[in-house]
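This is upload_3.tsv. It holds TSV, C-alpha atoms.
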chain	number	residue	atom	x	y	z
A	1	MET	CA	-106.16	43.83	-196.51
A	2	ILE	CA	-105.78	40.07	-196.14
A	3	ALA	CA	-108.64	37.93	-197.35
A	4	PRO	CA	-110.09	35.60	-194.73
A	5	VAL	CA	-109.99	31.90	-195.51
A	6	THR	CA	-113.67	31.09	-195.69
A	7	LEU	CA	-113.76	27.73	-197.46
A	8	GLN	CA	-112.57	24.64	-195.60
A	9	PRO	CA	-111.30	21.48	-197.36
A	10	GLY	CA	-114.22	19.30	-198.41
A	11	THR	CA	-116.59	22.22	-199.01
A	12	LYS	CA	-118.76	21.65	-202.06
A	13	VAL	CA	-118.53	24.66	-204.36
A	14	ARG	CA	-119.86	25.82	-207.67
A	15	VAL	CA	-117.83	27.95	-210.06
A	16	LYS	CA	-119.83	30.99	-211.05
A	17	LEU	CA	-121.44	30.77	-214.45
A	18	ASP	CA	-120.18	34.17	-215.48
A	19	TRP	CA	-118.68	35.46	-218.72
A	20	PRO	CA	-116.96	38.79	-218.02
A	21	GLU	CA	-115.30	38.56	-221.44
A	22	THR	CA	-118.71	39.33	-222.98
A	23	ARG	CA	-118.79	42.65	-221.12
A	24	GLY	CA	-115.46	44.10	-222.19
A	25	PRO	CA	-111.69	43.71	-221.92
A	26	CYS	CA	-110.66	41.49	-219.03
A	27	HIS	CA	-108.09	39.00	-217.79
A	28	ILE	CA	-109.48	35.83	-216.24
A	29	ARG	CA	-107.76	32.85	-214.64
A	30	THR	CA	-110.89	30.71	-214.43
A	31	PRO	CA	-111.01	28.33	-217.41
A	32	HIS	CA	-114.24	28.54	-219.42
A	33	TYR	CA	-114.82	24.77	-219.33
A	34	VAL	CA	-115.33	24.75	-215.57
A	35	ARG	CA	-117.73	27.67	-215.22
A	36	GLY	CA	-121.04	26.61	-213.73
A	37	GLU	CA	-119.57	23.24	-212.65
A	38	THR	CA	-119.52	21.83	-209.13
A	39	GLY	CA	-116.38	20.65	-207.33
A	40	VAL	CA	-114.86	20.20	-203.89
A	41	VAL	CA	-112.32	22.45	-202.15
A	42	GLU	CA	-109.12	20.46	-201.70
A	43	ARG	CA	-107.13	23.11	-199.85
A	44	HIS	CA	-106.38	26.80	-199.48
A	45	LEU	CA	-103.19	27.54	-201.43
A	46	GLY	CA	-102.52	31.06	-200.24
A	47	ASN	CA	-103.61	34.65	-200.76
A	48	PHE	CA	-102.63	36.58	-203.85
A	49	PRO	CA	-103.39	39.98	-205.40
A	50	ASN	CA	-106.26	39.55	-207.85
A	51	PRO	CA	-104.65	38.97	-211.29
A	52	GLU	CA	-107.80	40.37	-212.95
A	53	ASP	CA	-106.74	43.79	-211.63
A	54	LEU	CA	-102.97	43.34	-211.81
A	55	ALA	CA	-103.24	42.73	-215.56
A	56	PHE	CA	-104.60	46.26	-215.99
A	57	ALA	CA	-102.29	47.87	-213.40
A	58	ARG	CA	-105.28	48.58	-211.15
A	59	PRO	CA	-105.04	48.37	-207.35
A	60	ALA	CA	-105.51	44.66	-206.66
A	61	GLU	CA	-107.36	43.27	-203.66
A	62	VAL	CA	-105.77	40.22	-202.05
A	63	LYS	CA	-107.91	37.14	-202.68
A	64	ALA	CA	-107.85	33.62	-201.30
A	65	LEU	CA	-106.80	31.01	-203.85
A	66	TYR	CA	-108.06	27.42	-203.57
A	67	HIS	CA	-107.27	24.11	-205.19
A	68	VAL	CA	-110.66	22.80	-206.29
A	69	ARG	CA	-111.14	19.20	-207.43
A	70	PHE	CA	-113.65	18.29	-210.11
A	71	ASP	CA	-114.95	15.07	-211.56
A	72	PRO	CA	-114.47	15.99	-215.23
A	73	LYS	CA	-116.31	13.04	-216.75
A	74	PRO	CA	-119.50	14.98	-217.50
A	75	PHE	CA	-117.59	17.91	-219.05
A	76	TRP	CA	-117.05	16.41	-222.47
A	77	LYS	CA	-118.77	13.76	-224.52
A	78	GLU	CA	-115.59	12.46	-226.16
A	79	GLY	CA	-112.26	10.90	-225.26
A	80	VAL	CA	-111.61	9.40	-221.84
A	81	ALA	CA	-111.63	12.10	-219.18
A	82	PRO	CA	-109.18	11.88	-216.27
A	83	GLU	CA	-110.51	10.66	-212.93
A	84	GLU	CA	-109.69	13.96	-211.26
A	85	LEU	CA	-109.11	17.48	-212.45
A	86	VAL	CA	-107.66	20.00	-210.00
A	87	ILE	CA	-107.72	23.72	-210.75
A	88	GLU	CA	-106.57	26.87	-208.93
A	89	ILE	CA	-109.62	29.10	-208.50
A	90	PHE	CA	-109.93	32.42	-206.69
A	91	GLU	CA	-112.56	32.86	-203.97
A	92	HIS	CA	-114.62	35.41	-205.87
A	93	TRP	CA	-115.36	32.79	-208.54
A	94	LEU	CA	-116.71	30.29	-206.02
A	95	GLU	CA	-120.08	29.97	-204.31
A	96	GLU	CA	-121.04	27.26	-201.84
A	97	ALA	CA	-123.09	24.51	-203.45
A	98	ALA	CA	-125.81	22.56	-201.71
B	1	MET	CA	-100.79	48.17	-231.70
B	2	SER	CA	-99.92	46.60	-235.03
B	3	ASP	CA	-96.66	48.60	-235.04
B	4	ILE	CA	-95.62	46.88	-231.83
B	5	LEU	CA	-96.57	43.45	-233.11
B	6	GLU	CA	-94.60	43.97	-236.31
B	7	THR	CA	-91.46	45.34	-234.67
B	8	PRO	CA	-88.58	42.83	-234.72
B	9	SER	CA	-88.49	41.27	-231.27
B	10	ASP	CA	-84.84	42.11	-230.57
B	11	ARG	CA	-85.52	45.81	-231.19
B	12	LEU	CA	-88.62	45.65	-229.03
B	13	LEU	CA	-86.67	43.92	-226.24
B	14	ALA	CA	-83.89	46.53	-226.40
B	15	ALA	CA	-86.51	49.30	-226.20
B	16	VAL	CA	-88.22	47.74	-223.16
B	17	ARG	CA	-84.89	47.22	-221.38
B	18	GLY	CA	-83.94	50.81	-222.12
B	19	LEU	CA	-87.24	52.07	-220.74
B	20	LEU	CA	-86.96	49.95	-217.56
B	21	VAL	CA	-83.56	51.50	-216.85
B	22	ALA	CA	-84.51	55.04	-217.95
B	23	LYS	CA	-87.59	55.05	-215.72
B	24	GLY	CA	-85.69	53.61	-212.77
B	25	VAL	CA	-87.75	50.40	-212.57
B	26	MET	CA	-84.61	48.21	-212.70
B	27	THR	CA	-80.90	48.74	-213.15
B	28	THR	CA	-78.88	47.21	-216.00
B	29	ASP	CA	-77.22	44.94	-213.44
B	30	GLU	CA	-80.57	43.73	-212.09
B	31	ILE	CA	-81.74	42.92	-215.63
B	32	ALA	CA	-78.51	41.01	-216.33
B	33	GLU	CA	-78.89	39.12	-213.03
B	34	ARG	CA	-82.49	38.17	-213.82
B	35	ILE	CA	-81.49	36.92	-217.30
B	36	ARG	CA	-78.68	34.87	-215.72
B	37	ILE	CA	-81.11	33.30	-213.24
B	38	THR	CA	-83.72	32.58	-215.94
B	39	ASP	CA	-81.14	30.97	-218.23
B	40	GLY	CA	-79.92	28.88	-215.26
B	41	GLY	CA	-83.28	27.12	-214.98
B	42	SER	CA	-83.23	23.67	-216.59
B	43	PRO	CA	-84.73	20.20	-216.08
B	44	ALA	CA	-81.43	19.26	-214.39
B	45	GLN	CA	-82.45	21.45	-211.43
B	46	GLY	CA	-85.77	19.66	-210.99
B	47	ALA	CA	-84.05	16.29	-211.48
B	48	LYS	CA	-81.67	17.08	-208.58
B	49	MET	CA	-84.69	17.74	-206.35
B	50	VAL	CA	-86.41	14.52	-207.43
B	51	ALA	CA	-83.27	12.45	-206.82
B	52	LYS	CA	-82.83	13.96	-203.38
B	53	ALA	CA	-86.47	13.31	-202.50
B	54	TRP	CA	-86.04	9.66	-203.59
B	55	THR	CA	-83.14	9.18	-201.19
B	56	ASN	CA	-84.01	11.49	-198.30
B	57	PRO	CA	-87.46	11.22	-196.66
B	58	GLU	CA	-87.05	14.50	-194.76
B	59	TYR	CA	-86.23	16.36	-197.95
B	60	LYS	CA	-89.19	14.71	-199.66
B	61	ALA	CA	-91.51	15.87	-196.88
B	62	LEU	CA	-90.19	19.43	-197.22
B	63	MET	CA	-90.54	19.31	-201.01
B	64	LEU	CA	-94.20	18.27	-200.80
B	65	ARG	CA	-94.93	20.86	-198.12
B	66	ASP	CA	-93.00	23.79	-199.59
B	67	GLY	CA	-91.48	23.32	-203.05
B	68	THR	CA	-89.92	26.78	-203.01
B	69	ALA	CA	-87.99	26.07	-199.80
B	70	ALA	CA	-86.87	22.70	-201.15
B	71	ALA	CA	-85.56	24.33	-204.34
B	72	GLU	CA	-83.75	27.02	-202.38
B	73	MET	CA	-82.11	24.35	-200.23
B	74	LEU	CA	-80.39	23.18	-203.43
B	75	ALA	CA	-79.33	26.77	-204.25
B	76	ILE	CA	-81.94	27.18	-207.00
B	77	PRO	CA	-82.86	30.91	-207.05
B	78	MET	CA	-86.59	31.32	-206.32
B	79	ARG	CA	-86.75	34.93	-205.10
B	80	GLY	CA	-89.54	36.91	-206.71
B	81	LEU	CA	-91.01	33.84	-208.40
B	82	PRO	CA	-94.45	32.29	-207.88
B	83	PRO	CA	-94.58	29.55	-205.23
B	84	LEU	CA	-93.59	26.08	-206.41
B	85	GLY	CA	-96.01	23.25	-205.68
B	86	VAL	CA	-94.95	19.61	-205.94
B	87	LEU	CA	-97.41	16.83	-206.87
B	88	GLU	CA	-96.51	13.37	-205.63
B	89	ASP	CA	-97.11	10.32	-207.78
B	90	THR	CA	-98.04	7.23	-205.80
B	91	ALA	CA	-99.03	3.65	-206.54
B	92	GLU	CA	-102.61	4.95	-206.81
B	93	VAL	CA	-102.29	8.35	-208.48
B	94	HIS	CA	-100.40	9.72	-211.49
B	95	ASN	CA	-100.25	13.51	-211.95
B	96	LEU	CA	-100.19	15.43	-215.22
B	97	VAL	CA	-99.60	19.19	-215.37
B	98	VAL	CA	-101.09	21.52	-217.97
B	99	CYS	CA	-101.85	25.21	-218.20
B	100	THR	CA	-104.99	25.38	-220.34
B	101	LEU	CA	-105.05	29.19	-220.21
B	102	CYS	CA	-101.51	29.95	-221.33
B	103	SER	CA	-98.13	28.41	-220.51
B	104	CYS	CA	-97.54	28.66	-216.72
B	105	TYR	CA	-94.48	26.52	-216.07
B	106	PRO	CA	-92.02	26.14	-213.16
B	107	ARG	CA	-89.14	27.68	-215.10
B	108	ALA	CA	-86.74	27.95	-212.16
B	109	VAL	CA	-86.67	24.17	-211.77
B	110	LEU	CA	-87.55	22.99	-215.31
B	111	GLY	CA	-86.24	25.78	-217.55
B	112	TYR	CA	-88.10	26.98	-220.62
B	113	PRO	CA	-91.19	24.90	-221.41
B	114	PRO	CA	-90.93	22.47	-224.33
B	115	PHE	CA	-92.67	23.86	-227.44
B	116	TRP	CA	-95.54	21.38	-227.20
B	117	PHE	CA	-96.41	22.43	-223.64
B	118	LYS	CA	-97.67	25.75	-225.04
B	119	SER	CA	-99.48	24.24	-228.02
B	120	ALA	CA	-103.27	24.43	-228.20
B	121	ALA	CA	-103.35	20.69	-228.91
B	122	TYR	CA	-101.53	19.71	-225.70
B	123	ARG	CA	-103.55	22.15	-223.60
B	124	ALA	CA	-106.87	20.89	-224.95
B	125	ARG	CA	-106.08	17.18	-224.93
B	126	ALA	CA	-104.56	17.20	-221.44
B	127	VAL	CA	-108.00	17.81	-219.95
B	128	ARG	CA	-110.23	16.07	-222.52
B	129	ASP	CA	-108.28	12.90	-223.25
B	130	PRO	CA	-105.12	12.79	-221.13
B	131	ARG	CA	-104.59	9.02	-221.45
B	132	GLY	CA	-104.64	9.33	-225.23
B	133	LEU	CA	-102.28	12.30	-224.95
B	134	ILE	CA	-99.60	10.64	-222.81
B	135	GLY	CA	-99.94	7.58	-225.04
B	136	GLU	CA	-98.20	9.69	-227.70
B	137	TRP	CA	-95.09	9.40	-225.51
B	138	GLY	CA	-95.68	5.68	-225.13
B	139	THR	CA	-96.82	6.17	-221.54
B	140	VAL	CA	-99.40	3.67	-220.36
B	141	LEU	CA	-100.54	3.80	-216.75
B	142	PRO	CA	-100.91	0.51	-214.92
B	143	GLU	CA	-104.45	-0.74	-214.42
B	144	GLY	CA	-106.15	0.93	-211.48
B	145	VAL	CA	-103.92	4.01	-211.36
B	146	LYS	CA	-105.99	7.17	-211.11
B	147	LEU	CA	-105.03	10.00	-213.47
B	148	ARG	CA	-105.09	13.41	-211.83
B	149	VAL	CA	-104.76	16.40	-214.14
B	150	VAL	CA	-103.63	19.66	-212.54
B	151	ASP	CA	-104.61	22.71	-214.56
B	152	SER	CA	-102.12	25.38	-213.55
B	153	THR	CA	-104.28	28.47	-213.90
B	154	ALA	CA	-103.16	31.05	-211.39
B	155	ASP	CA	-100.40	31.85	-208.93
B	156	TYR	CA	-98.67	28.49	-208.36
B	157	ARG	CA	-96.24	26.64	-210.58
B	158	TRP	CA	-96.42	22.84	-210.42
B	159	MET	CA	-93.95	20.02	-210.93
B	160	VAL	CA	-94.46	16.29	-210.53
B	161	LEU	CA	-92.45	14.14	-208.13
B	162	PRO	CA	-92.51	10.85	-210.06
B	163	ARG	CA	-92.07	7.40	-208.52
B	164	ARG	CA	-88.59	6.00	-208.25
B	165	PRO	CA	-88.20	3.18	-210.78
B	166	GLU	CA	-87.45	-0.33	-209.63
B	167	GLY	CA	-83.91	-1.52	-210.15
B	168	THR	CA	-82.32	1.67	-208.82
B	169	GLU	CA	-81.69	0.42	-205.28
B	170	GLY	CA	-78.39	1.67	-203.95
B	171	TRP	CA	-77.96	4.31	-206.67
B	172	SER	CA	-76.39	7.66	-205.75
B	173	GLU	CA	-78.30	10.95	-206.05
B	174	GLU	CA	-76.21	11.81	-209.12
B	175	GLN	CA	-77.06	8.50	-210.82
B	176	LEU	CA	-80.75	8.96	-210.01
B	177	ALA	CA	-80.84	12.58	-211.20
B	178	ALA	CA	-79.40	11.49	-214.55
B	179	ILE	CA	-82.47	9.36	-215.38
B	180	VAL	CA	-85.09	12.02	-214.55
B	181	ARG	CA	-86.33	13.75	-217.69
B	182	GLU	CA	-88.31	16.93	-218.29
B	183	GLY	CA	-91.42	14.94	-219.26
B	184	ASP	CA	-91.26	12.91	-216.04
B	185	MET	CA	-91.71	16.13	-214.05
B	186	ILE	CA	-94.64	17.28	-216.24
B	187	GLY	CA	-96.25	13.84	-216.10
B	188	VAL	CA	-96.25	12.87	-219.79
B	189	THR	CA	-93.61	10.21	-219.16
B	190	ILE	CA	-92.49	7.99	-216.29
B	191	PRO	CA	-88.83	7.57	-215.28
B	192	SER	CA	-87.31	4.32	-216.45
B	193	ILE	CA	-83.89	2.72	-216.59
B	194	ALA	CA	-84.64	0.60	-219.63

C-alpha cells encoding of this file:
Amino acid sequence: MIAPVTLQPGTKVRVKLDWPETRGPCHIRTPHYVRGETGVVERHLGNFPNPEDLAFARPAEVKALYHVRFDPKPFWKEGVAPEELVIEIFEHWLEEAA
Amino acid sequence: MSDILETPSDRLLAAVRGLLVAKGVMTTDEIAERIRITDGGSPAQGAKMVAKAWTNPEYKALMLRDGTAAAEMLAIPMRGLPPLGVLEDTAEVHNLVVCTLCSCYPRAVLGYPPFWFKSAAYRARAVRDPRGLIGEWGTVLPEGVKLRVVDSTADYRWMVLPRRPEGTEGWSEEQLAAIVREGDMIGVTIPSIA
C-alpha cells in the first residue's frame, strides 16, 4: 500500500508530543527535542517502509516522509541556535497545526 | 546478550557472515562485492561530484534534484543504498549536516564518517550551538549568512554542495576536486585555496 501525500509544502505542522519509549522497547526516528514543537512542511521526500517496524522485523507500512523546517531558537536557552533546522519526519508523527 | 557484546568483533563478524551464507540470505561473492563497494566510498567521490557541479550547470541541476542519479553518472555504486540528497550552499545559506540520533552518513560518496561525526558532543552541539561548533574548525560565516542545520534522522543521506571559492576561475575539474575536503561536504568547513 502506498501512502498518499497529504501534506503540501508550507503546511504548518506540530510534531506529536508522544514518548513511545516510556511504553516499552521501540525504535524512533523522531528526535526528542522536536516533539511537541511546531514547524512547516518544506517538501515530501518520498515514501518509505516505517523504520519503527523494520527495526523489529515486523511487516512495515509504507509512510510518507517529509522535510520539516523549524525555527529552533526557542528550543534551548543557551548557545546561539541556527536560523533554520530541517528534520526528516514521518507522517504519523505530524498533525496539522492551526 | 552480554555474551554477544563481549565476543571479539572479528569472531562475531565471521559468525554473522557464515550465517548469512548458510541461511541463503547472501552468497560469499555478494558479501565480498558489498565490502568492495563500501571500501570504495571516500570523500574523493563526493569531491568529484562537487567539482563537476561547479563546472557544469546541467550536472549541478541533476545533483540537486536527484543526488543518487548524479552519483551513478560518475560510476559511484548506489544500488541498494538510501537516496542521496544534496544541500546547496548559496550566498545566503550555509548548510550543516548532523545525525542527532545516530550516525547516518552518505558513505557511498564520503566514505566512513570521521570519528567526531558520531560523537555525542558533535551531535548535541550541531543543533544547540552550531556556530560555536564550526568555529572549532576555524569556520566563520560571513555576516548575514543564514545557518541551516539538517538533522539526518531517517531514510535520506545528505551531503553539502559548497560554494566554489574565488580565485579558481579556469581550473579543471581535477584541480577543483583536489581542494574539496570531507568537512566541506558536511558543512563544518568551507573550501578554500589559501

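Our summary of the geometry notes that CA of Leu133 in chain B is positioned 16.2 Å from CA of Glu182 in chain B.
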
ask   = Suppose you want the space between CA of Val145 in chain B and CA of Val93 in chain B; what is it in Å?
value =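 A separation of 5.5 Å between them.
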
Compute the set of chain A residues within 9 Å of chain B, using all atoms listed in the file, and express it as a PDB file with C-alpha atoms, keeping the file's coordinate frame.
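The resulting file, selection21.pdb, is shown below:
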ATOM      1  CA  ILE A  28    -109.480  35.830-216.240  1.00  0.00           C
ATOM      2  CA  ARG A  29    -107.760  32.850-214.640  1.00  0.00           C
ATOM      3  CA  THR A  30    -110.890  30.710-214.430  1.00  0.00           C
ATOM      4  CA  PRO A  31    -111.010  28.330-217.410  1.00  0.00           C
ATOM      5  CA  LEU A  45    -103.190  27.540-201.430  1.00  0.00           C
ATOM      6  CA  GLY A  46    -102.520  31.060-200.240  1.00  0.00           C
ATOM      7  CA  PHE A  48    -102.630  36.580-203.850  1.00  0.00           C
ATOM      8  CA  PRO A  51    -104.650  38.970-211.290  1.00  0.00           C
ATOM      9  CA  LEU A  65    -106.800  31.010-203.850  1.00  0.00           C
ATOM     10  CA  PRO A  72    -114.470  15.990-215.230  1.00  0.00           C
ATOM     11  CA  LYS A  73    -116.310  13.040-216.750  1.00  0.00           C
ATOM     12  CA  PHE A  75    -117.590  17.910-219.050  1.00  0.00           C
ATOM     13  CA  TRP A  76    -117.050  16.410-222.470  1.00  0.00           C
ATOM     14  CA  GLU A  78    -115.590  12.460-226.160  1.00  0.00           C
ATOM     15  CA  GLY A  79    -112.260  10.900-225.260  1.00  0.00           C
ATOM     16  CA  VAL A  80    -111.610   9.400-221.840  1.00  0.00           C
ATOM     17  CA  ALA A  81    -111.630  12.100-219.180  1.00  0.00           C
ATOM     18  CA  PRO A  82    -109.180  11.880-216.270  1.00  0.00           C
ATOM     19  CA  GLU A  83    -110.510  10.660-212.930  1.00  0.00           C
ATOM     20  CA  GLU A  84    -109.690  13.960-211.260  1.00  0.00           C
ATOM     21  CA  LEU A  85    -109.110  17.480-212.450  1.00  0.00           C
ATOM     22  CA  VAL A  86    -107.660  20.000-210.000  1.00  0.00           C
ATOM     23  CA  ILE A  87    -107.720  23.720-210.750  1.00  0.00           C
ATOM     24  CA  GLU A  88    -106.570  26.870-208.930  1.00  0.00           C
ATOM     25  CA  ILE A  89    -109.620  29.100-208.500  1.00  0.00           C
ATOM     26  CA  PHE A  90    -109.930  32.420-206.690  1.00  0.00           C
TER      27      PHE A  90
END

ask   = Which neighbours of range 108-110 of chain B fall inside 7 Å, counting all atoms listed in the file, when residues of the same chain fewer than 3 positions from it are skipped, and could you give them as a VMD selection string?
value = chain B and resid 38 41 to 43 45 to 46 78 182

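Straight-line separation from CA of Val34 in chain A to CA of Leu161 in chain B: 26.3 Å.
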
message = The residues within 10 Å of (-120.3, 27.4, -214.6), using only C-alpha atoms and the coordinates of the file, should be reported as a PyMOL selection string; which are they?
response = chain A and resi 14-19+30-38+93-94

inquiry  = So, with all atoms listed in the file as the atoms that count, which of B:Val86, B:Ala47, B:Ala124, B:Leu19 lies closest to Gly183 in chain B?
reply    =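 Of all the options, B:Ala47 lies closest to Gly183 in chain B.
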
request  = Please work out which residues fall within 7 Å of (-78.7, 28.9, -209.8), coordinates as given in the file, with only C-alpha atoms counting, and return them as number ranges by chain.
outcome  = B: 37, 40, 75-77

inquiry  = So that I can see what lies close to range 55-68 of chain B, please list as a list of chain:residue names the residues with an atom at most 8 Å from it, counting only C-alpha atoms and leaving out residues fewer than 2 positions away in the same chain.
reply    = B:Ala51, B:Lys52, B:Ala53, B:Ala70, B:Ala71, B:Glu72, B:Met78, B:Pro83, B:Leu84, B:Gly85, B:Val86, B:Leu87, B:Glu88, B:Glu173
